[in-house]
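A.B. asks: For reference, the structure I am asking about is given below.
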Amino acid sequence: MTFKEKLQSEKFLITAELFPPKGTDVGSFLRRAQAIKGLDAVNVTDNQRASMRAGSLAMCKLLLDMGIEPILQLACRDKNRIALQSELLSAAILGINNVLILSGDHPDSGEYKGTKSVYDLDTTQLIKTARLLETGFDLAGKKLSGSPKFCVGAVVNPSASPRELQTIMFEKKICAGAEFFQTQSVFDAAQYKTFYDKIKHLNAPIIAGVTLIKSAKFMNILQTLPGIDIPQKIQDRINNAKDELAEGIKICSETIEDLRSFGRGVHIMAIGMEEHIPEIISGLL
């Protein structure tokens with residue numbers, strides 16, 4: 001069963017994400033991928049945090065060759081409409097049909113401060129572009145020689161303020177052709193359910209993001225990122241833990257169990273600690 005088919009089923013989905021190497025040595029990437037083989041799909045990030053890395057497309061092909069269904073992340077930040085369409089067609093040629101479309105972190109958040117952003121198309125426009133390519137035409141109205149078929153996803157941030165704006169953007173992306181959504185990190189399942197209940201009637205599968213807090217230092221970094229809201233009780237648990245990683249794994253597992261009671265799935269962001277994902281989800285399998 002493909003990821004697209006699973007989205008249309010009642011299955012509770014478990015996805016994760018990997019970040020590409022900063023260089024040509026893919027050994028660590030492949031080892032981390034092997035640790036999570038068997039999940040429903042695996043995202044490959046696109047220069048996350050505006051940090052230059054190997055391309056998502058190449059790494060997705062490596063996952064595909066391993067028997068792992070990849071989700072190509074494609075950021076609007078770095079490419080114009082010519083390059084974005086080219087990337088989508090290239091993905092389809094390689095057999096990579098799942099695409100998660102997002103804006104991308106602003107360059108000022110990475111090591112290339114002052115770099116010019118592109119944003120020739122916004123996320124809604126790029127979703128529409130993917131759907132247009134499926135009809136056999138490009139944005140210039142030129143006919144394609146063979147057309148792709150995609151499973152198109154987008155992102156939503158349940159912690160962003162104002163939430164009404166997130167709801168509006170969510171609806172716009174559905175209308176543009178988004179088939180599924182993944183969220184920013186959720187640390188409070190009850191708070192997330194309030195948001196989820198307001199938009200679940202739109203019937204788009206939403207896969208809640210959960211992040212493994214591997215240390216107090218890492219938690220402090222997370223809290224500086226936009227849209228991240230870590231409840232005080234979780235902060236206290238990590239800060240008071242004798243083994244911060246073990247406590248983080250436990251918190252992640254508990255959050256997933258809470259989300260399982262009403263959500264469609266979880267997207268696990270272990271950020272270099274993917275070997276612990278089997279332990280995190282052991283109670284769900």
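Residue numbers start at 1 in each chain; chains themselves are named A, B, ... in the order of the structure tokens; ligands are numbered from 1 in the order shown.
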DSSP on the backbone, then: every residue of region 46-122 of chain A marked strand (DSSP E), written as a ChimeraX atom specification.

C.D. replies: /A:70-75,98-102

A.B. asks: Just list the residues in region 48-121 of chain A DSSP gives alpha helix (DSSP H) on the backbone, as a list of chain:residue names.

C.D. replies: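 Taking region 48-121 of chain A and keeping alpha helix (DSSP H) gives A:Ser56, A:Leu57, A:Ala58, A:Met59, A:Cys60, A:Lys61, A:Leu62, A:Leu63, A:Leu64, A:Asp65, A:Arg81, A:Ile82, A:Ala83, A:Leu84, A:Gln85, A:Ser86, A:Glu87, A:Leu88, A:Leu89, A:Ser90, A:Ala91, A:Ala92, A:Ile93.
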
A.B. asks: Could you check how far CA of Ile238 (chain A) sits from CA of Ala216 (chain A), in Å to one decimal?

C.D. replies: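 So the two atoms, CA of Ile238 (chain A) and CA of Ala216 (chain A), lie 6.0 Å apart.
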
A.B. asks: Could you produce a table of the residues of region 150-250 of chain A lying within 9 Å of region 278-284 of chain A, with the nearest pair of atoms per residue and their separation in Å rounded to one decimal, using only C-alpha atoms, ordered by chain and increasing residue number, as CSV?

C.D. replies:
residue,atom,partner,partner_atom,distance
A:Leu212,CA,A:Ile280,CA,9.0
A:Ile249,CA,A:Ile280,CA,5.9
A:Lys250,CA,A:Ile280,CA,7.2

A.B. asks: Take the residues from that selection and put them in a file with C-alpha atoms, as a CSV table (one decimal), in the first residue's frame.

C.D. replies:
chain,number,residue,atom,x,y,z
A,212,LEU,CA,12.3,14.2,20.5
A,249,ILE,CA,11.9,9.5,24.7
A,250,LYS,CA,9.2,8.9,27.4

A.B. asks: If you count only C-alpha atoms, which residues fall within 10 Å of region 107-113 of chain A, apart from same-chain ones fewer than 3 positions away, as a ChimeraX atom specification?

C.D. replies: /A:47-52,77-78,104,116-117,225

A.B. asks: Could you write out that same residue set with N, CA and C atoms as an mmCIF file, in the first residue's frame?

C.D. replies:
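Writing the result to selection_2.cif gives the following:
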data_model
loop_
_atom_site.group_PDB
_atom_site.id
_atom_site.type_symbol
_atom_site.label_atom_id
_atom_site.label_comp_id
_atom_site.auth_asym_id
_atom_site.auth_seq_id
_atom_site.Cartn_x
_atom_site.Cartn_y
_atom_site.Cartn_z
ATOM 1 N N ASN A 47 17.175 21.911 2.865
ATOM 2 C CA ASN A 47 18.002 22.977 3.450
ATOM 3 C C ASN A 47 17.324 23.618 4.656
ATOM 4 N N GLN A 48 16.940 22.759 5.615
ATOM 5 C CA GLN A 48 16.223 23.226 6.797
ATOM 6 C C GLN A 48 17.045 24.227 7.581
ATOM 7 N N ARG A 49 16.344 25.122 8.243
ATOM 8 C CA ARG A 49 16.967 26.214 9.006
ATOM 9 C C ARG A 49 17.880 27.047 8.115
ATOM 10 N N ALA A 50 17.585 27.064 6.809
ATOM 11 C CA ALA A 50 18.369 27.837 5.833
ATOM 12 C C ALA A 50 19.847 27.482 5.900
ATOM 13 N N SER A 51 20.128 26.218 6.152
ATOM 14 C CA SER A 51 21.498 25.717 6.208
ATOM 15 C C SER A 51 21.749 24.856 4.979
ATOM 16 N N MET A 52 22.790 25.152 4.231
ATOM 17 C CA MET A 52 23.089 24.434 2.998
ATOM 18 C C MET A 52 23.445 22.976 3.275
ATOM 19 N N ARG A 77 11.529 29.053 -0.877
ATOM 20 C CA ARG A 77 12.556 30.064 -0.569
ATOM 21 C C ARG A 77 13.649 30.172 -1.625
ATOM 22 N N ASP A 78 14.095 29.039 -2.172
ATOM 23 C CA ASP A 78 15.362 29.027 -2.907
ATOM 24 C C ASP A 78 15.254 29.021 -4.425
ATOM 25 N N GLY A 104 9.829 27.479 3.744
ATOM 26 C CA GLY A 104 11.259 27.411 4.041
ATOM 27 C C GLY A 104 11.651 28.493 5.027
ATOM 28 N N LYS A 116 19.692 36.400 -0.552
ATOM 29 C CA LYS A 116 18.407 36.789 -1.107
ATOM 30 C C LYS A 116 17.448 35.593 -1.160
ATOM 31 N N SER A 117 16.262 35.777 -0.651
ATOM 32 C CA SER A 117 15.208 34.772 -0.796
ATOM 33 C C SER A 117 14.559 34.943 -2.164
ATOM 34 N N LEU A 225 12.643 28.954 18.645
ATOM 35 C CA LEU A 225 12.134 28.851 17.277
ATOM 36 C C LEU A 225 10.670 29.295 17.217
#

A.B. asks: List as a count of residues only the protein and nucleic acid residues near Tyr192 (chain A), meaning an atom at most 12 Å away when only C-alpha atoms are counted, but skip any in the same chain fewer than 4 places from it.

C.D. replies: 29

A.B. asks: Name the closest residue to Ser161 (chain A) among the candidates A:Leu84, A:Ala33, A:Cys60, A:Ile228; distances are taken between atoms, counting only C-alpha atoms.

C.D. replies: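 Once distances to Ser161 (chain A) are computed over only C-alpha atoms, the minimum belongs to A:Ile228.
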
A.B. asks: Which residues come within 9 Å of Ala204 (chain A), counting only C-alpha atoms, excluding same-chain residues fewer than 2 positions away, as a PyMOL selection string?

C.D. replies: chain A and resi 174+178-181+199-202+206

A.B. asks: Nearest to Ala140 (chain A) among A:Lys242, A:Arg81, A:Arg264, A:His106, with distances taken over only C-alpha atoms: which residue is it?

C.D. replies: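 Using only C-alpha atoms, the shortest distance to Ala140 (chain A) belongs to A:Arg81.
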
A.B. asks: My list of candidates is A:Gly27, A:Gly177, A:Pro231, A:Gly248. Which is closest to Ile127 (chain A) when distances are computed with only C-alpha atoms?

C.D. replies: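 Closest candidate: A:Gly177.
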
A.B. asks: Can you list, as a VMD selection string, every protein, DNA or RNA residue that comes within 12 Å of Glu87 (chain A) when you count only C-alpha atoms, leaving out same-chain residues fewer than 2 positions away?

C.D. replies: chain A and resid 46 55 to 58 72 to 76 78 to 85 89 to 94 96 to 97 99 101 126 129 to 130 133 148

A.B. asks: Could you work out how far CA of Glu17 (chain A) lies from CA of Leu100 (chain A), giving the answer in Å with one decimal?

C.D. replies: 11.5 Å
